[in-house]
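Below is start_17.txt, holding compact mmCIF, C-alpha atoms.
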# COMPACT_ATOMS: atom_id res chain seq x y z
CA MET A 1 -17.84 55.94 153.60
CA GLN A 2 -14.77 53.94 154.54
CA ASP A 3 -16.62 52.11 157.31
CA TYR A 4 -19.70 51.45 155.19
CA PRO A 5 -20.32 47.68 154.90
CA TRP A 6 -19.91 47.43 151.13
CA TRP A 7 -19.44 43.67 151.46
CA LEU A 8 -22.96 43.40 152.85
CA LEU A 9 -24.31 45.42 149.94
CA GLY A 10 -22.54 43.05 147.54
CA ILE A 11 -24.07 40.01 149.23
CA LEU A 12 -27.48 41.65 149.24
CA LEU A 13 -27.28 42.34 145.50
CA LEU A 14 -26.19 38.75 144.86
CA VAL A 15 -29.08 37.35 146.89
CA LEU A 16 -31.62 39.69 145.31
CA GLY A 17 -30.31 38.84 141.84
CA THR A 18 -30.72 35.13 142.48
CA PHE A 19 -34.22 35.51 143.86
CA TYR A 20 -35.09 37.63 140.84
CA LEU A 21 -34.03 34.69 138.66
CA ILE A 22 -36.15 32.37 140.82
CA LEU A 23 -39.18 34.59 140.26
CA THR A 24 -38.67 35.11 136.54
CA GLN A 25 -36.88 32.01 135.21
CA PRO A 26 -38.89 28.75 135.11
CA ASN A 27 -35.83 26.53 135.64
CA PHE A 28 -34.70 28.48 138.72
CA LYS A 29 -38.27 28.58 140.04
CA GLU A 30 -38.64 24.82 139.65
CA ALA A 31 -35.30 24.20 141.35
CA PHE A 32 -36.20 26.45 144.27
CA SER A 33 -39.62 24.82 144.68
CA PHE A 34 -37.97 21.39 144.82
CA ILE A 35 -35.06 22.35 147.09
CA LYS A 36 -37.01 24.35 149.68
CA ALA A 37 -38.72 21.12 150.77
CA GLY A 38 -35.54 20.23 152.69
CA LEU A 39 -35.23 23.62 154.41
CA GLY A 40 -37.29 22.64 157.44
CA LEU A 41 -35.23 19.51 158.04
CA THR A 42 -31.98 21.45 157.73
CA LEU A 43 -33.08 24.00 160.34
CA SER A 44 -34.62 21.47 162.73
CA THR A 45 -31.53 19.24 162.56
CA THR A 46 -29.28 22.21 163.28
CA PHE A 47 -31.35 23.53 166.20
CA VAL A 48 -31.77 20.15 167.89
CA ALA A 49 -28.14 19.13 167.36
CA PHE A 50 -26.87 22.45 168.68
CA GLY A 51 -29.10 22.23 171.75
CA VAL A 52 -27.68 18.80 172.57
CA ALA A 53 -24.14 20.00 171.77
CA LEU A 54 -24.55 22.84 174.29
CA ILE A 55 -25.29 20.32 177.05
CA ILE A 56 -22.41 18.05 176.03
CA GLY A 57 -20.06 21.02 175.66
CA LEU A 58 -20.93 22.48 179.05
CA LEU A 59 -20.44 19.14 180.81
CA ALA A 60 -17.17 18.46 178.99
CA GLY A 61 -15.98 22.03 179.63
CA LEU A 62 -16.66 21.66 183.34
CA GLY A 63 -14.89 18.31 183.20
CA ARG A 64 -11.80 19.94 181.68
CA ILE A 65 -11.41 22.27 184.67
CA SER A 66 -12.39 19.65 187.25
CA SER A 67 -9.97 18.86 190.06
CA ASN A 68 -10.96 15.20 189.74
CA VAL A 69 -8.22 13.49 187.72
CA VAL A 70 -10.52 10.84 186.23
CA ILE A 71 -13.21 13.30 185.11
CA LYS A 72 -10.63 15.71 183.72
CA ASN A 73 -8.87 13.00 181.69
CA ILE A 74 -12.14 11.57 180.34
CA ALA A 75 -13.23 15.04 179.21
CA THR A 76 -9.84 15.75 177.66
CA LEU A 77 -9.82 12.38 175.89
CA TYR A 78 -13.24 13.07 174.38
CA ILE A 79 -12.24 16.55 173.20
CA GLU A 80 -8.92 15.49 171.70
CA LEU A 81 -10.43 12.46 169.96
CA ILE A 82 -13.15 14.51 168.32
CA ARG A 83 -10.88 17.40 167.34
CA GLY A 84 -8.32 15.02 165.86
CA VAL A 85 -10.64 13.39 163.29
CA PRO A 86 -12.22 15.09 160.23
CA MET A 87 -15.91 15.84 160.65
CA LEU A 88 -16.96 13.85 157.61
CA VAL A 89 -15.21 10.77 159.01
CA LEU A 90 -16.78 11.36 162.43
CA ILE A 91 -20.26 11.47 160.90
CA PHE A 92 -19.65 8.09 159.29
CA VAL A 93 -18.15 6.59 162.46
CA ILE A 94 -20.86 7.86 164.80
CA ALA A 95 -23.85 7.21 162.53
CA ILE A 96 -22.76 3.93 160.94
CA VAL A 97 -20.51 2.40 163.60
CA ALA A 98 -21.15 3.91 167.04
CA VAL A 99 -24.97 4.07 167.00
CA PRO A 100 -25.39 0.42 165.90
CA ALA A 101 -22.80 -0.59 168.50
CA ILE A 102 -24.78 1.21 171.21
CA VAL A 103 -28.00 -0.48 170.10
CA THR A 104 -26.24 -3.86 170.17
CA GLY A 105 -24.98 -3.11 173.67
CA LEU A 106 -28.48 -2.17 174.83
CA ASN A 107 -29.84 -5.41 173.38
CA ALA A 108 -27.17 -7.36 175.24
CA PHE A 109 -28.07 -5.49 178.45
CA GLY A 110 -31.72 -6.38 177.85
CA ALA A 111 -30.80 -10.03 177.48
CA PHE A 112 -28.85 -9.85 180.74
CA LEU A 113 -31.86 -8.33 182.51
CA SER A 114 -34.07 -11.05 181.08
CA ARG A 115 -31.78 -13.76 182.44
CA SER A 116 -31.79 -11.97 185.79
CA GLY A 117 -35.58 -12.03 185.90
CA ILE A 118 -36.09 -8.28 185.45
CA THR A 119 -38.48 -8.75 182.56
CA PHE A 120 -40.26 -5.37 182.73
CA LEU A 121 -37.02 -3.58 181.77
CA ALA A 122 -35.59 -6.35 179.61
CA GLY A 123 -38.29 -5.89 176.97
CA ILE A 124 -37.47 -2.18 176.59
CA PHE A 125 -33.77 -2.72 175.89
CA SER A 126 -34.16 -5.94 173.90
CA GLY A 127 -36.83 -4.47 171.64
CA ILE A 128 -34.60 -1.79 170.15
CA ASN A 129 -33.71 -2.49 166.52
CA ILE A 130 -30.87 -0.82 164.64
CA LYS A 131 -33.14 -0.28 161.66
CA ASP A 132 -35.58 1.60 163.90
CA VAL A 133 -33.04 4.37 164.52
CA PRO A 134 -33.66 6.89 161.72
CA MET A 135 -30.75 8.44 159.86
CA ASN A 136 -31.89 11.89 160.91
CA ALA A 137 -31.47 10.93 164.57
CA ARG A 138 -28.02 9.53 163.77
CA ALA A 139 -27.11 12.74 161.97
CA ILE A 140 -28.19 14.82 164.97
CA THR A 141 -26.15 12.56 167.26
CA ALA A 142 -23.09 12.94 165.04
CA LEU A 143 -23.33 16.73 164.81
CA ALA A 144 -24.02 17.13 168.54
CA THR A 145 -21.16 14.84 169.55
CA THR A 146 -18.74 16.57 167.19
CA TYR A 147 -19.63 20.14 168.09
CA GLY A 148 -19.84 19.28 171.78
CA ALA A 149 -16.04 19.02 171.80
CA PHE A 150 -15.59 22.45 170.23
CA LEU A 151 -18.16 24.05 172.53
CA ALA A 152 -16.40 22.45 175.51
CA GLU A 153 -13.29 24.50 174.80
CA ILE A 154 -15.39 27.64 174.45
CA PHE A 155 -17.08 27.04 177.80
CA ARG A 156 -13.73 26.22 179.42
CA ALA A 157 -12.21 29.46 178.17
CA GLY A 158 -15.26 31.41 179.31
CA ILE A 159 -15.15 29.96 182.81
CA GLU A 160 -11.41 30.52 183.13
CA SER A 161 -11.85 34.15 182.03
CA ILE A 162 -13.72 34.83 185.27
CA GLY A 163 -11.38 35.86 188.06
CA LYS A 164 -10.67 33.19 190.65
CA GLY A 165 -11.44 35.74 193.33
CA GLN A 166 -15.14 35.54 192.50
CA MET A 167 -15.22 31.83 193.24
CA GLU A 168 -13.32 32.39 196.47
CA ALA A 169 -15.68 35.21 197.46
CA ALA A 170 -18.72 33.04 196.76
CA ARG A 171 -17.30 30.15 198.78
CA SER A 172 -16.49 32.51 201.65
CA GLN A 173 -20.17 33.50 201.71
CA GLY A 174 -21.13 29.89 202.40
CA MET A 175 -21.93 28.79 198.85
CA SER A 176 -20.97 25.31 197.74
CA TYR A 177 -18.85 24.85 194.61
CA VAL A 178 -21.94 23.90 192.59
CA GLN A 179 -23.91 26.90 193.85
CA ALA A 180 -21.06 29.31 193.12
CA MET A 181 -20.63 27.88 189.64
CA ARG A 182 -24.37 28.03 188.93
CA TYR A 183 -25.19 31.48 190.30
CA ILE A 184 -21.91 33.41 189.99
CA ILE A 185 -19.46 31.94 187.46
CA LEU A 186 -21.57 30.37 184.71
CA PRO A 187 -23.89 33.36 184.08
CA GLN A 188 -20.86 35.59 183.49
CA ALA A 189 -19.02 32.96 181.46
CA VAL A 190 -22.00 32.33 179.17
CA ARG A 191 -22.38 36.06 178.57
CA ASN A 192 -18.70 36.29 177.63
CA VAL A 193 -18.82 33.39 175.18
CA LEU A 194 -22.22 34.14 173.66
CA PRO A 195 -20.75 35.57 170.42
CA ALA A 196 -18.51 32.51 170.04
CA LEU A 197 -21.50 30.22 170.59
CA GLY A 198 -23.39 32.12 167.90
CA ASN A 199 -20.52 31.68 165.47
CA ASP A 200 -20.41 27.96 166.17
CA PHE A 201 -24.15 27.73 165.54
CA ILE A 202 -23.58 29.30 162.13
CA SER A 203 -20.77 26.82 161.49
CA MET A 204 -23.05 23.93 162.42
CA LEU A 205 -25.71 25.21 160.04
CA LYS A 206 -23.18 25.06 157.22
CA ASP A 207 -21.72 21.74 158.34
CA SER A 208 -25.21 20.24 158.49
CA SER A 209 -24.87 19.89 154.71
CA LEU A 210 -22.52 16.97 155.43
CA VAL A 211 -25.39 14.85 156.74
CA SER A 212 -26.54 14.49 153.14
CA ILE A 213 -24.03 11.62 152.92
CA LEU A 214 -26.41 9.70 155.23
CA ALA A 215 -29.28 10.25 152.76
CA VAL A 216 -30.94 12.68 155.19
CA ARG A 217 -33.24 14.82 153.04
CA ASP A 218 -31.85 18.22 153.95
CA ILE A 219 -31.54 20.91 151.29
CA THR A 220 -28.18 19.55 150.11
CA GLN A 221 -29.50 16.01 149.65
CA VAL A 222 -32.67 17.29 147.99
CA THR A 223 -30.50 19.32 145.60
CA ARG A 224 -28.49 16.23 144.73
CA LEU A 225 -31.69 14.34 144.03
CA TYR A 226 -32.97 17.18 141.85
CA THR A 227 -29.79 17.37 139.78
CA GLY A 228 -29.85 13.59 139.39
CA GLN A 229 -33.28 13.87 137.79
CA THR A 230 -32.89 17.06 135.73
CA PHE A 231 -29.11 17.61 135.27
CA ARG A 232 -29.74 21.34 135.88
CA TYR A 233 -26.64 21.88 137.98
CA THR A 234 -26.35 25.64 137.53
CA GLU A 235 -29.88 26.42 138.71
CA ALA A 236 -29.85 23.88 141.54
CA TYR A 237 -26.47 24.58 143.11
CA THR A 238 -26.74 28.35 142.67
CA THR A 239 -30.05 28.25 144.52
CA LEU A 240 -28.57 26.00 147.22
CA ALA A 241 -25.59 28.29 147.74
CA ILE A 242 -27.79 31.37 148.00
CA LEU A 243 -30.09 29.69 150.52
CA TYR A 244 -27.13 28.88 152.77
CA LEU A 245 -25.66 32.34 152.23
CA THR A 246 -28.95 34.02 153.16
CA MET A 247 -29.32 32.01 156.35
CA THR A 248 -25.71 32.50 157.48
CA VAL A 249 -25.70 36.25 156.78
CA ILE A 250 -28.92 36.76 158.73
CA LEU A 251 -27.52 34.78 161.65
CA SER A 252 -24.17 36.61 161.46
CA LEU A 253 -25.91 39.98 161.66
CA LEU A 254 -27.94 38.71 164.61
CA VAL A 255 -24.78 37.59 166.41
CA LYS A 256 -23.12 40.98 165.74
CA THR A 257 -26.21 42.75 167.12
CA ILE A 258 -26.14 40.67 170.31
CA GLU A 259 -22.39 41.23 170.68
CA GLY A 260 -22.88 44.97 170.30
CA LYS A 261 -25.57 45.03 172.97
CA LEU A 262 -23.37 43.07 175.35
CA ARG A 263 -20.53 45.54 174.86
CA ARG A 264 -22.80 48.51 175.49
CA ASN A 265 -24.13 46.87 178.65
CA GLU A 266 -20.58 46.34 179.91
CA GLN A 267 -19.66 49.96 179.26
CA SER A 268 -22.78 51.37 180.93
Do you think you could lay out the structure here as structure tokens?
Amino acid sequence: MQDYPWWLLGILLLVLGTFYLILTQPNFKEAFSFIKAGLGLTLSTTFVAFGVALIIGLLAGLGRISSNVVIKNIATLYIELIRGVPMLVLIFVIAIVAVPAIVTGLNAFGAFLSRSGITFLAGIFSGINIKDVPMNARAITALATTYGAFLAEIFRAGIESIGKGQMEAARSQGMSYVQAMRYIILPQAVRNVLPALGNDFISMLKDSSLVSILAVRDITQVTRLYTGQTFRYTEAYTTLAILYLTMTVILSLLVKTIEGKLRRNEQS
């Protein structure tokens, strides 16, 4: 009885109680019907942003352990810059400042190509308009860039947890550094950090609520719009909180299940 997950039972009762209100109370039912419209965007933004963040994090993590001084310092600079600024500020900077600056730079590059006579490429870069970049794409860019720095440290720790002897053994068998990293080190490192990656995915799902400041119509923004029209704050924000709680608990249990399987595989 002492090890029984009473906390999970408490959460389950809270979720079931809220959904009972949604089924039986018109105001809760209306709020849920309105808010659930942003659920798909919340999930798609999180999945896409996390996929991009995994790539950024792996590259930056490899850069952190690189013997090349330039690559190592660039990776470290990126990680320290991102980790030193609040996420809300980073979302503003990346979405409102960095993305338009990149578009402006591409336009300037297109103009340079045009002057150089390379017209078939100049039109591609010159035709990009800042207004054509949707806020959802900017939100994904901001989340991916931000979480890429945190995932980089996870990948770095995972790679460094593998004994150096394995790299030396792989190189002695004629493998190049890239081959040894791809076939020997990275598969083990990813397996070791899989639970941490799952936890960061859950964190990103929760932090995706911050993109509502960019008017992205995720469930948080949709809730704000609903309360602005109806002033039913209790029904709307209770429903919103329970939706996030339901998603994060399901994902947490999934991560714990995967972690348990990995431990059993190591012991067998």
What are the closest atom pairs, with distances in Å to one decimal, for each residue of range 68-161 of chain A lying within 8 Å of range 192-196 of chain A, using all atoms listed in the file, rows by chain and rising residue number, as JSON lines?
{"residue": "A:Ile154", "atom": "CA", "partner": "A:Val193", "partner_atom": "CA", "distance": 6.7}
{"residue": "A:Phe155", "atom": "CA", "partner": "A:Val193", "partner_atom": "CA", "distance": 7.1}
{"residue": "A:Gly158", "atom": "CA", "partner": "A:Val193", "partner_atom": "CA", "distance": 5.8}
Do you have, as CSV, the list of residues of range 67-98 of chain A lying at most 8 Å from range 139-145 of chain A, each with its nearest atom pair and that distance in Å to one decimal, counting all atoms listed in the file and ordered by chain then number?
residue,atom,partner,partner_atom,distance
A:Leu90,CA,A:Ala142,CA,7.0
A:Ile91,CA,A:Ala142,CA,5.2
A:Ile94,CA,A:Ala142,CA,5.6
A:Ala95,CA,A:Ala142,CA,6.3
Legend entry - Close residues, range 122-126 of chain A itself excluded, 10 Å, only C-alpha atoms, min 3 positions apart in chain, as a list in words: Val103, Thr104, Gly105, Leu106, Asn107, Ala108, Phe109, Gly110, Ala111, Phe112, Leu113, Ser114, Arg115, Ser116, Gly117, Ile118, Thr119 and Asn129 of chain A
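Nearest-residue note for Tyr226 in chain A: choosing from A:Lys36, A:Arg83, A:Arg264, A:Arg182, the minimum distance belongs to A:Lys36, counting only C-alpha atoms.
Closest approach to Ile130 in chain A among A:Ile185, A:Val70, A:Pro100, A:Arg156 is made by A:Pro100 (distances from all atoms listed in the file).
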Legend entry - Among listed residues A:Ser161, A:Ala101, A:Asn73, A:Tyr147, nearest Ser208 in chain A (using all atoms listed in the file): A:Tyr147
Inset, instruction - Find the residues around Ala157 in chain A up to 10 Å (all atoms listed in the file counted), leave out those fewer than 5 positions away in its own chain, and share them as a PyMOL selection string. - result: chain A and resi 61+65+151-152+162+189+192-193
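Proximity ranking of A:Asn27, A:Arg138, A:Phe150, A:Gly127 relative to Ile82 in chain A places A:Phe150 first, based on all atoms listed in the file.
Rounded to one decimal, CA of Arg64 in chain A and CA of Thr76 in chain A lie 6.1 Å from each other.
Going from CA of Leu23 in chain A to CA of Thr234 in chain A covers 15.9 Å.
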Skip Thr42 in chain A itself and residues of its chain fewer than 4 positions away, then list as a CSV table (one decimal) with C-alpha atoms, in the coordinates of the input all residues within 7 Å of it, counting only C-alpha atoms.
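Below is the file around_26.csv, written as the result:
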chain,number,residue,atom,x,y,z
A,38,GLY,CA,-35.5,20.2,152.7
A,46,THR,CA,-29.3,22.2,163.3
A,208,SER,CA,-25.2,20.2,158.5
A,218,ASP,CA,-31.8,18.2,154.0
A,219,ILE,CA,-31.5,20.9,151.3
Around all of range 146-159 of chain A's listed atoms, make the axis-aligned box with 5 Å on each side and tell me centre and edge lengths in Å to one decimal, as AutoDock Vina command-line options.
--center_x -16.0 --center_y 24.0 --center_z 175.0 --size_x 17.6 --size_y 24.8 --size_z 25.6
Legend entry - Which of A:Pro5, A:Met181, A:Gly260, A:Met135 sits closest to Phe92 in chain A [using all atoms listed in the file]: A:Met135
Inset, instruction - Find the residue from A:Tyr244, A:Thr227, A:Thr238, A:Ile213 that sits nearest to Leu88 in chain A; use only C-alpha atoms when measuring. - result: A:Ile213
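You will find CA of Met167 in chain A at 6.4 Å from CA of Ala180 in chain A.
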Neighbours of range 13-18 of chain A within 10 Å (all atoms listed in the file; same-chain residues fewer than 2 positions away dropped), as a compact mmCIF listing (two decimals) with C-alpha atoms, in the coordinates of the input?
# COMPACT_ATOMS: atom_id res chain seq x y z
CA TRP A 7 -19.44 43.67 151.46
CA LEU A 8 -22.96 43.40 152.85
CA LEU A 9 -24.31 45.42 149.94
CA GLY A 10 -22.54 43.05 147.54
CA ILE A 11 -24.07 40.01 149.23
CA TYR A 20 -35.09 37.63 140.84
CA LEU A 21 -34.03 34.69 138.66
CA ILE A 22 -36.15 32.37 140.82
CA LEU A 23 -39.18 34.59 140.26
CA THR A 24 -38.67 35.11 136.54
CA PHE A 28 -34.70 28.48 138.72
CA GLU A 235 -29.88 26.42 138.71
CA THR A 238 -26.74 28.35 142.67
CA THR A 239 -30.05 28.25 144.52
CA ALA A 241 -25.59 28.29 147.74
CA ILE A 242 -27.79 31.37 148.00
CA LEU A 243 -30.09 29.69 150.52
CA LEU A 245 -25.66 32.34 152.23
CA THR A 246 -28.95 34.02 153.16
10 Å contact set for Thr248 in chain A, only C-alpha atoms, chain neighbours under 4 positions out, as a PDB file with C-alpha atoms, keeping the file's coordinate frame:
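See result38.pdb below for the written result:
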ATOM      1  CA  ASN A 199     -20.520  31.680 165.470  1.00  0.00           C
ATOM      2  CA  PHE A 201     -24.150  27.730 165.540  1.00  0.00           C
ATOM      3  CA  ILE A 202     -23.580  29.300 162.130  1.00  0.00           C
ATOM      4  CA  SER A 203     -20.770  26.820 161.490  1.00  0.00           C
ATOM      5  CA  LEU A 205     -25.710  25.210 160.040  1.00  0.00           C
ATOM      6  CA  LYS A 206     -23.180  25.060 157.220  1.00  0.00           C
ATOM      7  CA  ILE A 242     -27.790  31.370 148.000  1.00  0.00           C
ATOM      8  CA  LEU A 243     -30.090  29.690 150.520  1.00  0.00           C
ATOM      9  CA  TYR A 244     -27.130  28.880 152.770  1.00  0.00           C
ATOM     10  CA  SER A 252     -24.170  36.610 161.460  1.00  0.00           C
ATOM     11  CA  LEU A 253     -25.910  39.980 161.660  1.00  0.00           C
ATOM     12  CA  LEU A 254     -27.940  38.710 164.610  1.00  0.00           C
TER      13      LEU A 254
END
